[in-house]
Each structure stands twice: as C-alpha cells, then as structure tokens.
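Below: the structure, in structure tokens.
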Amino acid sequence: MLRKMPLTLAVIAIMFIFSGIRGDETEDEKLVKELEDSLVKLVEKVSPAFVNFQAGSGVCISPDGYVLTNHHVAGRSMNWTVGMPGGPTGKRYKAKMVWLDPFGDICLLKIDNKGKEMPYVPLGDSDSAKVGQFAIALGTPFMTAREDSQPTVTFGIISAVHRNMGNYSDCIQTDARVNPGNSGGPLIGMDGKLLGINGQIRVRFPYRVNTGIGLAVPTHQIKRFIEKYKNVPDGTTVYHGTINGLQLANNPKAVATVEKVEGGSTADKAGFKVGDIILSVDKYDIPSAPRFWGAILAYPEGWQVKVKVQRGTQTVELDVTLDKYAPRGMVPAQQPAPRTDAYMGVLFNPEPVNGGCQVQQVVEGSPAEKAGLQPGDIIIEADEKKIDGPQAMLDFLATKKPGDKIKLKLLREGKDQMELELELGKRPQQPQR
C-alpha cells in the first residue's frame with residue numbers, strides 16, 4: 001500500500017501548483033515533489049492492469065484475469081481481443097463475457113490468462129469514499145491508447161457520493177477528467193484500490209467533452225453482483241432489484257413517504273404501510289424518495305435488504321427480498337416490439353418523475369445524445385403536447401417516423417426548463433449474440 005500524504009501537505013502542494021503563489025521556495029518544492037512522487041508510484045503500480053477495448057477501457061481486478069468494463073463498451077459481443085500493457089505473455093489477450101448488466105452499465109469478462117498471474121487492481125471500499133479525497137482515472141480518451149494500450153491518466157477528487165443519476169443510481173461523481181474512450185476504465189483511490197468504473201460524463205452543450213462532471217459505478221454495487229452471479233453460465237444477463245407494489249410520494253425534496261401499497265405485492269407482504277417514512281436501507285440513511293430508489297436499484301434482484309421505517313412513534317424494521325427490475329426496452333427479447341421505426345436512443349424510467357418522463361440512459365452516438373439529451377432529464381412536453389410519464393412519451397413516438405424533427409421541453413436537475421430539437425433516426429437492429 002502506498003504511503004498516504006497528510007491532508008495538510010497535499011492541500012499546500014496543490015495550492016502551490018495551481019495558484020503560482022510561493023512562500024519558502026525550497027519547502028514548497030519539497031511538498032510538490034512528495035505529491036508528485038506519490039502519484040508517480042501509484043500510476044506505476046496500477047497502469048499494468050489497464051485493459052484496452054476497441055472503443056473503450058477496462059481494468060483487470062484479479063490475478064486470474066477477471067475484467068470489468070461498461071456494458072456500452074463491451075456488451076455488443078461475447079468474445080473480445082483486448083490489449084493489456086502489463087500482461088505476462090504479451091499485450092493482446094482473448095476475453096469472454098461472464099455476465100452483462102445492461103441497466104447498471106457493467107460487464108464482467110474473463111481473460112484467457114493461460115495460467116499466468118495477471119496484474120490487477122483490487123476492489124476497494126467505495127462506501128468509505130469521502131468527498132474531497134484524491135482519485136485518478138485511467139482510460140483511452142479519444143482512442144489515445146489504440147496502438148500501445150498505455151492508458152492516459154488524469155487526477156482529481158471525489159466530488160460527490162451516492163448520486164442518483166438515472167441508471168447510475170448510486171454513483172460516484174469525480175472531477176478527474178474523463179472523455180469518450182474513458183468509459184469502462186477505473187477510478188482509483190490513493191491506496192491503489194478500485195473505487196468505481198467510469199462510464200458517464202455530464203455536458204452543458206451537445207459536445208462530448210468533459211466539463212468536470214464524471215460518473216462512476218461504485219465498487220460496493222459491483223461487489224454485490226460479483227457475489228450473486230459468481231456461478232452463472234457465460235454470457236448471462238443480470239438484473240437489478242426493486243420493490244413491486246410500493247409507491248412513494250412524488251416530492252424529491254421531502255422525506256421518503258409511502259403513498260400507496262398494492263395488495264398482495266412484495267411491498268404488502270414485507271409489511272409496508274401507507275404513511276411509513278423510510279429511514280434507511282441496510283446501513284444507508286434515506287433522506288428522500290430519489291435516494292431510496294437509488295439505493296434499492298444498486299442491489300441485484302433476489303437480494304435481501306432491511307428497510308427501517310418510522311410508523312407513528314415507532315421504528316419498524318422490514319425484511320424485503322427484491323423483485324427483478326426490467327424496465328421497458330432494457331431486455332428486447334422480453335419486451336413488445338416497438339410500434340415505430342423512429343429512434344431516439346434512450347431508456348426511460350418506467351415510472352413518472354415530477355409529472356414527466358425521466359431519461360435514464362442515453363445511447364452513445366444516438367439522436368438523443370447528438371441533441372444534448374442527458375440521463376436525469378425529465379421530458380414534460382413533446383411538440384407542445386403534455387408528457388406526464390413514459391407511456392405518454394412512447395405513445396407520442398409511435399406517431400412519428402425516422403427523419404421527423406420533434407421539439408422537447410424538459411427539466412434538467414429537476415428545476416431548470418430548457419428546450420431541445422431532435423431529429424429521429426431509424427431504429428437499429430438488435431445485435432446478434
């Protein structure tokens with residue numbers, strides 16, 4: 001484990017680097033050199049475990065060659081040839097899909113390591129990540145590692161934790177620079193352990209360049225899926241959890257209050273009652289409804305969680321086994337055929353949010369991405385027609401054809417209204433697996 005730099009030392013060093021203001025020159029230079037040395041040693045330690053895909057990044061997490069990346073990087077194929085700069089038997093390796101998580105945007109693959117020990121970055125404890133701590137990101141932005149598989153390294157801090165950003169429902173936010181090509185690469189703490197898998201950025205304008213907001217799927221979520229799906233056939237699709245029959249009051253700024261419980265549902269059998277105020281899920285405090293669903297969706301289906309609720313003057317603990325969460329459009333084989341060839345390239349939240357249709361995922365290179373639509377946006381109007389949920393949006397799209405231009409009015413970050421124009425494309429055929 002690398003020696004951790006004291007916080008005061010690191011802050012002074014960074015102030016020196018970025019402000020240009022110097023006190024005692026010799027002492028300042030010593031501080032900066034110590035920070036540089038720590039970072040150089042960290043990069044030297046973890047870079048050999050970087051995995052280069054054709055259009056993205058990954059990281060080896062075990063000596064026997066298990067690899068994590070994003071679903072939007074590797075989910076289109078069951079077999080890959082990947083680059084690995086620190087591999088023991090060359091730089092190119094065959095890898096096969098173990099499981100894929102379309103909703104959570106994660107894939108687990110296994111490199112054919114021929115019995116050789118692979119360089120790897122161990123899984124860290126993202127639950128202990130603190131806002132302000134240092135982190136580095138490894139990746140191949142704009143395909144910079146295409147030839148030699150040597151990763152580009154960027155440095156920053158943890159900006160936020162437990163963000164609910166659509167299908168990245170419990171993610172880490174960082175200002176370490178990530179750009180197209182970084183997807184699937186590791187976010188690593190100063191202890192040399194994996195904090196998360198980088199996968200999304202937030203942009204203000206419809207250009208896919210970093211604006212200082214990168215999102216990573218945290219290791220505490222990934223560990224649960226690795227544990228649950230450790231003995232599945234290769235190529236298995238895995239699912240997230242939810243609680244069927246539970247509806248919370250639609251107020252993202254208020255406490256998570258149970259508004260409705262369907263009779264005979266999982267929520268009913270677990271003991272939820274109308275008026276319950278949800279206090280926690282396992283060890284996680286729950287201040288709001290979005291945080292509740294963000295925490296729940298970070299578990300696999302079938303996982304057992306403890307939900308603590310306040311009921312009048314009493315505190316009650318409920319045991320819940322999570323249902324399978326399979327939103328519309330996520331598993332094409334199990335969904336009805338689309339009613340139109342018109343294509344936006346988005347996944348919608350299956351439930352209305354703030355009286356509109358929330359975007360959960362935006363397909364890379366799709367019409368929606370080109371127009372500037374982002375995960376978390378809430379569509380409230382389409383061509384001046386009110387959109388009060390996902391069904392209304394799907395009904396609207398069913399009347400359109402490829403090439404049609406539509407005007408969307410939406411809420412961004414739950415409050416700022418904005419308008420976008422989007423030209424619909426033609427729905428692509430599903431790839432064969």
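Each chain in the structure tokens gets a letter, A, B and so on, in the order shown; residues start at 1 in every chain, and ligands are counted from 1 in the order they appear.
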
**Item:** region 190-374 of chain A: residues DSSP assigns to strand (DSSP E), reported as a ChimeraX atom specification
**Value:** /A:194-201,214-218,236-237,240-242,246-248,258-261,277-281,284-285,304-311,314-321,323-325,342-343,346-348,357-362

**Request:** Write down as a ChimeraX atom specification the residues of region 243-367 of chain A whose backbone DSSP state falls under alpha helix (DSSP H).
**Result:** /A:266-270,289-296,367

For those residues, write C-alpha atoms to a file as an mmCIF file, in the first residue's frame.
```
data_model
loop_
_atom_site.group_PDB
_atom_site.id
_atom_site.type_symbol
_atom_site.label_atom_id
_atom_site.label_comp_id
_atom_site.auth_asym_id
_atom_site.auth_seq_id
_atom_site.Cartn_x
_atom_site.Cartn_y
_atom_site.Cartn_z
ATOM 1 C CA THR A 266 -43.921 -7.669 -2.421
ATOM 2 C CA ALA A 267 -44.296 -4.357 -0.597
ATOM 3 C CA ASP A 268 -47.502 -5.554 1.052
ATOM 4 C CA LYS A 269 -46.010 -8.908 2.088
ATOM 5 C CA ALA A 270 -42.929 -7.172 3.521
ATOM 6 C CA ALA A 289 -37.533 9.202 -2.330
ATOM 7 C CA PRO A 290 -34.878 9.525 -5.097
ATOM 8 C CA ARG A 291 -32.206 8.383 -2.646
ATOM 9 C CA PHE A 292 -34.365 5.408 -1.624
ATOM 10 C CA TRP A 293 -34.826 4.176 -5.180
ATOM 11 C CA GLY A 294 -31.182 4.932 -5.949
ATOM 12 C CA ALA A 295 -30.075 2.726 -3.067
ATOM 13 C CA ILE A 296 -32.504 -0.091 -3.916
ATOM 14 C CA PRO A 367 -30.084 11.162 -31.984
#
```

**Item:** Close residues, region 97-100 of chain A itself excluded, 9 Å, only C-alpha atoms, min 6 positions apart in chain, as a VMD selection string
**Value:** chain A and resid 66 70 to 71 74 to 75 77 to 80 106 to 110 229 to 230 232 to 238

Selection to disk with C-alpha atoms, as an mmCIF file, in the first residue's frame:
```cif
data_model
loop_
_atom_site.group_PDB
_atom_site.id
_atom_site.type_symbol
_atom_site.label_atom_id
_atom_site.label_comp_id
_atom_site.auth_asym_id
_atom_site.auth_seq_id
_atom_site.Cartn_x
_atom_site.Cartn_y
_atom_site.Cartn_z
ATOM 1 C CA TYR A 66 -11.347 -11.085 -14.424
ATOM 2 C CA ASN A 70 -19.021 -0.770 -19.178
ATOM 3 C CA HIS A 71 -21.859 -2.575 -20.908
ATOM 4 C CA ALA A 74 -18.347 -4.473 -24.411
ATOM 5 C CA GLY A 75 -21.985 -5.589 -24.275
ATOM 6 C CA SER A 77 -20.125 -9.088 -28.223
ATOM 7 C CA MET A 78 -19.487 -12.224 -26.178
ATOM 8 C CA ASN A 79 -15.834 -12.523 -27.241
ATOM 9 C CA TRP A 80 -13.111 -9.901 -27.379
ATOM 10 C CA ILE A 106 -21.311 -3.083 -16.293
ATOM 11 C CA CYS A 107 -19.803 -6.209 -17.849
ATOM 12 C CA LEU A 108 -17.599 -8.843 -16.229
ATOM 13 C CA LEU A 109 -15.256 -10.684 -18.595
ATOM 14 C CA LYS A 110 -12.559 -13.322 -18.140
ATOM 15 C CA TYR A 229 -23.599 -14.116 -10.050
ATOM 16 C CA LYS A 230 -20.300 -15.906 -9.436
ATOM 17 C CA VAL A 232 -23.600 -18.360 -13.811
ATOM 18 C CA PRO A 233 -23.152 -19.620 -17.401
ATOM 19 C CA ASP A 234 -21.038 -17.386 -19.621
ATOM 20 C CA GLY A 235 -22.995 -14.562 -21.221
ATOM 21 C CA THR A 236 -25.702 -14.358 -18.537
ATOM 22 C CA THR A 237 -27.737 -11.135 -18.376
ATOM 23 C CA VAL A 238 -28.118 -9.974 -14.769
#
```

**Request:** Name all residues at most 10 Å from Gly192 (chain A) (count only C-alpha atoms; drop same-chain ones fewer than 5 positions away) and give them as a VMD selection string.
**Result:** chain A and resid 1 to 2 41 to 43 45 to 46 121 to 124 135 to 136 187

**Residue neighbourhood Val131 (chain A), 12 Å, only C-alpha atoms, exclusion window fewer than 4 positions, as a ChimeraX atom specification** = /A:126-127,135,156-163,172-175,189

**Prompt:** Got a sec: who's within 9 Å of Tyr325 (chain A), counting only C-alpha atoms, leaving out chain neighbours fewer than 5 positions off, as a ChimeraX atom specification?
**Reply:** /A:239-244,297,300-301

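Going from CA of Ala49 (chain A) to CA of Tyr299 (chain A) covers 26.7 Å.
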
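Neighbours of Cys171 (chain A) closer than or equal to 6 Å, with only C-alpha atoms counted and sequence neighbours fewer than 2 positions away skipped, come out as His162, Arg163, Tyr168, Ser169, Ala216, Val217 and Pro218 of chain A.
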
Export of prior selection with C-alpha atoms as a PDB file, in the first residue's frame:
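Contents of selection.pdb, as written:
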```pdb
ATOM      1  CA  HIS A 162     -24.393   8.345  -3.712  1.00  0.00           C
ATOM      2  CA  ARG A 163     -25.596  10.398  -6.678  1.00  0.00           C
ATOM      3  CA  TYR A 168     -26.270   5.288 -12.432  1.00  0.00           C
ATOM      4  CA  SER A 169     -28.462   5.252  -9.357  1.00  0.00           C
ATOM      5  CA  ALA A 216     -18.517   6.081 -11.913  1.00  0.00           C
ATOM      6  CA  VAL A 217     -20.390   2.915 -10.936  1.00  0.00           C
ATOM      7  CA  PRO A 218     -19.170   2.247  -7.363  1.00  0.00           C
TER       8      PRO A 218
END
```

**Prompt:** Quick one, how far is CA of Arg76 (chain A) from CA of Gly184 (chain A)?
**Reply:** 13.9 Å

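Each of A:Cys357, A:Ile111, A:Ala342, A:Val261 was compared to Gln391 (chain A) using only C-alpha atoms, and A:Cys357 turns out to be the nearest.
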
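Comparing the minimum interatomic distances between Leu215 (chain A) and each of A:Asp282, A:Asp105, A:Asp377, A:Asp323, counting only C-alpha atoms, we find that A:Asp105 sits nearest.
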
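CA of Thr69 (chain A) lies 8.3 Å from CA of Gly56 (chain A).
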
**Complete:** Residue with the minimum atom-to-atom distance to Thr89 (chain A), picked from A:Val73, A:Met118, A:Met418, A:Val59 with only C-alpha atoms counted, is A:Met118

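With only C-alpha atoms as the atoms that count, the minimum distance from Val40 (chain A) to the choices A:Leu397, A:Phe155, A:Ile379, A:Lys370 is reached by A:Phe155.
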